[in-house]
Amino acid sequence: MPPPQRRPGGRTARIRAQVLDAVLAELGEHGFDGLTMEAVAARAGVHRATVYRRWNDVGGLLADVLDAASGDDWHPPDTGSLEDDLAALNQEIQDAMTARPPVMAALIAASFRSEKAADAQQRLWEDRYARCESVVSRAVQRGELPPGTDARRLLIAATAPLYHQLVLLRTPPDPLLPRHAARTAALAAAAGAFGPPR
């Protein structure tokens with residue numbers, strides 16, 4: 001869930017970029033409970049009235065950060081094999097979840113405290129799953145998976161162990177987990193585990 005990369009020109013866009021960068025920095029350093037409109041305005045170097053006028057509250061700031069991430073140019077890995085694609089995707093997730101400051105983890109946590117952030121995060125997940133469907137469709141075209149494989153179910157099965165370990169159990173990152181989870185999901189998918197219901 002990287003911060004936005006496409007930043008159109010103009011003063012409005014420049015202010016938005018400064019504010020969203022400030023939100024990410026404040027969230028990573030202080031978490032949701034320490035995130036304030038005043039701190040964001042000060043870090044961004046803009047008047048707090050500007051921040052209040054455009055974003056209204058902390059929930060609005062978080063929602064815009066998440067919505068901006070949907071506007072980036074990220075694409076899932078294309079390595080030539082399903083297992084390698086899933087392993088590379090899992091490695092990206094693990095790297096993002098363990099980065100310092102822990103922005104991705106803080107955004108996930110904040111979505112449980114803000115309805116606006118929760119709605120925006122749902123939109124972001126939908127965007128990411130839609131982009132990652134190409135991993136599954138390529139595997140079907142290569143003959144690695146049976147036609148009709150449910151991309152969403154496969155992607156959830158492949159990535160869920162990362163979130164379970166890092167978010168729920170809060171265990172240290174396992175360097176072998178991205179590959180292991182990818183292999184397990186790929187083998188299950190090849191056996192038809194994610195096909196249409198019988």
# chains A, B, ... in the order shown; residues from 1 in each chain; ligands from 1
call {"tool": "residues_around", "arguments": {"residues": "Asp33 of chain A", "least_positions_apart": "6", "cutoff": "10 Å", "atoms": "only C-alpha atoms", "output": "PyMOL selection string"}}
result
chain A and resi 27+110+113
call {"tool": "write_last_selection", "arguments": {"atoms": "all heavy atoms", "output": "PDB file, in the first residue's frame"}}
result
ATOM      1  N   LEU A  27       1.394   9.471  10.978  1.00  0.00           N
ATOM      2  CA  LEU A  27       0.790   8.186  11.310  1.00  0.00           C
ATOM      3  C   LEU A  27       1.857   7.158  11.631  1.00  0.00           C
ATOM      4  O   LEU A  27       1.734   6.381  12.584  1.00  0.00           O
ATOM      5  CB  LEU A  27      -0.081   7.707  10.143  1.00  0.00           C
ATOM      6  CG  LEU A  27      -0.972   6.494  10.388  1.00  0.00           C
ATOM      7  CD1 LEU A  27      -2.013   6.805  11.448  1.00  0.00           C
ATOM      8  CD2 LEU A  27      -1.655   6.080   9.089  1.00  0.00           C
ATOM      9  N   ALA A 110      -5.894   2.061  11.719  1.00  0.00           N
ATOM     10  CA  ALA A 110      -6.741   3.256  11.714  1.00  0.00           C
ATOM     11  C   ALA A 110      -8.097   2.993  11.087  1.00  0.00           C
ATOM     12  O   ALA A 110      -9.093   3.632  11.448  1.00  0.00           O
ATOM     13  CB  ALA A 110      -6.031   4.391  10.972  1.00  0.00           C
ATOM     14  N   ARG A 113     -10.841   2.458  13.380  1.00  0.00           N
ATOM     15  CA  ARG A 113     -11.199   3.571  14.264  1.00  0.00           C
ATOM     16  C   ARG A 113     -11.917   4.694  13.515  1.00  0.00           C
ATOM     17  O   ARG A 113     -12.435   5.604  14.158  1.00  0.00           O
ATOM     18  CB  ARG A 113      -9.922   4.137  14.904  1.00  0.00           C
ATOM     19  CG  ARG A 113      -9.044   3.115  15.591  1.00  0.00           C
ATOM     20  CD  ARG A 113      -9.530   2.766  16.966  1.00  0.00           C
ATOM     21  NE  ARG A 113      -9.534   3.930  17.841  1.00  0.00           N
ATOM     22  CZ  ARG A 113      -8.437   4.375  18.471  1.00  0.00           C
ATOM     23  NH1 ARG A 113      -7.268   3.750  18.326  1.00  0.00           N
ATOM     24  NH2 ARG A 113      -8.518   5.424  19.254  1.00  0.00           N
TER      25      ARG A 113
END
call {"tool": "closest_atom_pairs", "arguments": {"of": "segment 92-192 of chain A", "to": "segment 58-61 of chain A", "cutoff": "7 Å", "atoms": "only C-alpha atoms", "output": "CSV"}}
result
residue,atom,partner,partner_atom,distance
A:Ser114,CA,A:Gly59,CA,5.6
A:Lys116,CA,A:Gly59,CA,5.3
A:Ala117,CA,A:Gly59,CA,5.7
call {"tool": "closest_atom_pairs", "arguments": {"of": "segment 45-111 of chain A", "to": "segment 160-174 of chain A", "cutoff": "8 Å", "atoms": "only C-alpha atoms", "output": "tab-separated table"}}
result
residue	atom	partner	partner_atom	distance
A:Asn90	CA	A:Leu162	CA	7.1
A:Ile93	CA	A:Leu162	CA	7.4
A:Gln94	CA	A:Leu162	CA	6.6
A:Met97	CA	A:Leu166	CA	7.3
A:Thr98	CA	A:Pro173	CA	7.4
A:Ala105	CA	A:Val167	CA	7.4
call {"tool": "write_last_selection", "arguments": {"atoms": "N, CA and C atoms", "output": "PDB file, in the first residue's frame"}}
result
ATOM      1  N   ASN A  90       3.762 -11.726  -2.110  1.00  0.00           N
ATOM      2  CA  ASN A  90       3.839 -11.890  -0.656  1.00  0.00           C
ATOM      3  C   ASN A  90       5.055 -11.180  -0.066  1.00  0.00           C
ATOM      4  N   ILE A  93       4.241  -7.604   0.306  1.00  0.00           N
ATOM      5  CA  ILE A  93       3.369  -7.393   1.458  1.00  0.00           C
ATOM      6  C   ILE A  93       4.187  -7.418   2.750  1.00  0.00           C
ATOM      7  N   GLN A  94       5.045  -8.426   2.871  1.00  0.00           N
ATOM      8  CA  GLN A  94       5.839  -8.547   4.093  1.00  0.00           C
ATOM      9  C   GLN A  94       6.776  -7.347   4.264  1.00  0.00           C
ATOM     10  N   MET A  97       4.658  -4.387   5.346  1.00  0.00           N
ATOM     11  CA  MET A  97       4.135  -4.528   6.700  1.00  0.00           C
ATOM     12  C   MET A  97       5.213  -4.378   7.771  1.00  0.00           C
ATOM     13  N   THR A  98       6.453  -4.637   7.413  1.00  0.00           N
ATOM     14  CA  THR A  98       7.541  -4.562   8.398  1.00  0.00           C
ATOM     15  C   THR A  98       8.420  -3.333   8.220  1.00  0.00           C
ATOM     16  N   ALA A 105       0.798  -0.861   8.481  1.00  0.00           N
ATOM     17  CA  ALA A 105       0.137  -1.418   9.662  1.00  0.00           C
ATOM     18  C   ALA A 105      -0.702  -0.352  10.357  1.00  0.00           C
TER      19      ALA A 105
END
call {"tool": "select_by_dssp", "arguments": {"residues": "segment 41-165 of chain A", "states": "helix (DSSP H, G or I)", "output": "VMD selection string"}}
result
chain A and resid 41 to 44 48 to 55 58 to 69 82 to 98 103 to 110 115 to 141 151 to 165
call {"tool": "closest_residue", "arguments": {"among": "A:Ala189, A:Ala49, A:Val23, A:Leu82", "to": "Ala139 of chain A", "atoms": "only C-alpha atoms"}}
result
A:Leu82
call {"tool": "residues_around", "arguments": {"residues": "Ala63 of chain A", "least_positions_apart": "5", "cutoff": "12 Å", "atoms": "only C-alpha atoms", "output": "list in words"}}
result
Leu20, Val23, Leu24, Trp55, Asn56, Asp57, Val58, Ala68, Ala69, Ser70, Leu107, Ile108, Ala110, Ser111, Arg113, Ser114, Glu115, Lys116, Ala117, Ala118, Asp119, Ala120, Gln121, Gln122, Arg123 and Leu124 of chain A
call {"tool": "write_last_selection", "arguments": {"atoms": "N, CA, C and O atoms", "output": "CSV table (one decimal), in the first residue's frame"}}
result
chain,number,residue,atom,x,y,z
A,20,LEU,N,-0.6,14.9,2.3
A,20,LEU,CA,-0.7,13.4,2.4
A,20,LEU,C,0.6,12.8,2.9
A,20,LEU,O,0.7,11.9,3.6
A,23,VAL,N,0.6,13.3,6.6
A,23,VAL,CA,-0.2,12.3,7.2
A,23,VAL,C,0.5,11.0,7.4
A,23,VAL,O,0.5,10.4,8.5
A,24,LEU,N,1.2,10.5,6.3
A,24,LEU,CA,1.9,9.2,6.4
A,24,LEU,C,3.0,9.3,7.4
A,24,LEU,O,3.2,8.4,8.2
A,55,TRP,N,-10.2,18.7,4.2
A,55,TRP,CA,-10.3,17.3,4.7
A,55,TRP,C,-11.3,17.1,5.9
A,55,TRP,O,-11.6,16.0,6.3
A,56,ASN,N,-11.7,18.2,6.5
A,56,ASN,CA,-12.7,18.2,7.6
A,56,ASN,C,-12.2,17.6,8.9
A,56,ASN,O,-12.3,18.2,10.0
A,57,ASP,N,-11.6,16.4,8.9
A,57,ASP,CA,-11.2,15.7,10.1
A,57,ASP,C,-10.1,14.7,9.8
A,57,ASP,O,-9.8,14.5,8.6
A,58,VAL,N,-9.6,14.0,10.8
A,58,VAL,CA,-8.6,13.0,10.6
A,58,VAL,C,-9.1,11.9,9.7
A,58,VAL,O,-8.3,11.3,8.9
A,68,ALA,N,-5.7,8.0,-2.6
A,68,ALA,CA,-4.5,8.4,-3.5
A,68,ALA,C,-3.7,7.2,-3.9
A,68,ALA,O,-3.2,7.1,-5.0
A,69,ALA,N,-3.6,6.2,-3.0
A,69,ALA,CA,-2.8,5.0,-3.3
A,69,ALA,C,-3.5,4.2,-4.4
A,69,ALA,O,-2.8,3.5,-5.2
A,70,SER,N,-4.8,4.3,-4.6
A,70,SER,CA,-5.5,3.6,-5.7
A,70,SER,C,-5.2,4.3,-7.0
A,70,SER,O,-5.4,3.7,-8.1
A,107,LEU,N,-2.2,2.3,9.0
A,107,LEU,CA,-3.4,2.5,8.2
A,107,LEU,C,-4.4,1.4,8.4
A,107,LEU,O,-5.6,1.7,8.5
A,108,ILE,N,-4.0,0.2,8.4
A,108,ILE,CA,-4.9,-0.9,8.7
A,108,ILE,C,-5.6,-0.7,10.1
A,108,ILE,O,-6.8,-0.8,10.2
A,110,ALA,N,-5.9,2.1,11.7
A,110,ALA,CA,-6.7,3.3,11.7
A,110,ALA,C,-8.1,3.0,11.1
A,110,ALA,O,-9.1,3.6,11.4
A,111,SER,N,-8.2,2.0,10.2
A,111,SER,CA,-9.4,1.8,9.5
A,111,SER,C,-10.5,1.2,10.5
A,111,SER,O,-11.7,1.2,10.2
A,113,ARG,N,-10.8,2.5,13.4
A,113,ARG,CA,-11.2,3.6,14.3
A,113,ARG,C,-11.9,4.7,13.5
A,113,ARG,O,-12.4,5.6,14.2
A,114,SER,N,-11.9,4.6,12.2
A,114,SER,CA,-12.5,5.7,11.4
A,114,SER,C,-13.3,5.1,10.3
A,114,SER,O,-12.8,4.3,9.5
A,115,GLU,N,-14.6,5.5,10.2
A,115,GLU,CA,-15.5,4.9,9.2
A,115,GLU,C,-15.1,5.4,7.8
A,115,GLU,O,-15.1,4.6,6.9
A,116,LYS,N,-14.6,6.7,7.7
A,116,LYS,CA,-14.1,7.2,6.4
A,116,LYS,C,-12.9,6.4,5.9
A,116,LYS,O,-12.8,6.0,4.8
A,117,ALA,N,-12.0,6.1,6.9
A,117,ALA,CA,-10.8,5.3,6.5
A,117,ALA,C,-11.2,3.9,6.2
A,117,ALA,O,-10.6,3.3,5.2
A,118,ALA,N,-12.1,3.4,6.9
A,118,ALA,CA,-12.6,2.0,6.6
A,118,ALA,C,-13.2,1.9,5.2
A,118,ALA,O,-12.9,0.9,4.4
A,119,ASP,N,-14.0,2.8,4.8
A,119,ASP,CA,-14.6,2.8,3.5
A,119,ASP,C,-13.5,3.0,2.4
A,119,ASP,O,-13.5,2.3,1.4
A,120,ALA,N,-12.6,3.9,2.6
A,120,ALA,CA,-11.5,4.1,1.7
A,120,ALA,C,-10.6,2.9,1.6
A,120,ALA,O,-10.1,2.5,0.5
A,121,GLN,N,-10.3,2.2,2.7
A,121,GLN,CA,-9.5,1.0,2.7
A,121,GLN,C,-10.2,-0.1,1.9
A,121,GLN,O,-9.6,-0.9,1.2
A,122,GLN,N,-11.5,-0.2,2.0
A,122,GLN,CA,-12.3,-1.2,1.3
A,122,GLN,C,-12.1,-0.9,-0.2
A,122,GLN,O,-11.9,-1.9,-1.0
A,123,ARG,N,-12.2,0.3,-0.6
A,123,ARG,CA,-12.0,0.7,-2.0
A,123,ARG,C,-10.6,0.3,-2.5
A,123,ARG,O,-10.4,-0.2,-3.6
A,124,LEU,N,-9.6,0.5,-1.6
A,124,LEU,CA,-8.2,0.2,-2.0
A,124,LEU,C,-8.1,-1.3,-2.1
A,124,LEU,O,-7.4,-1.8,-3.1
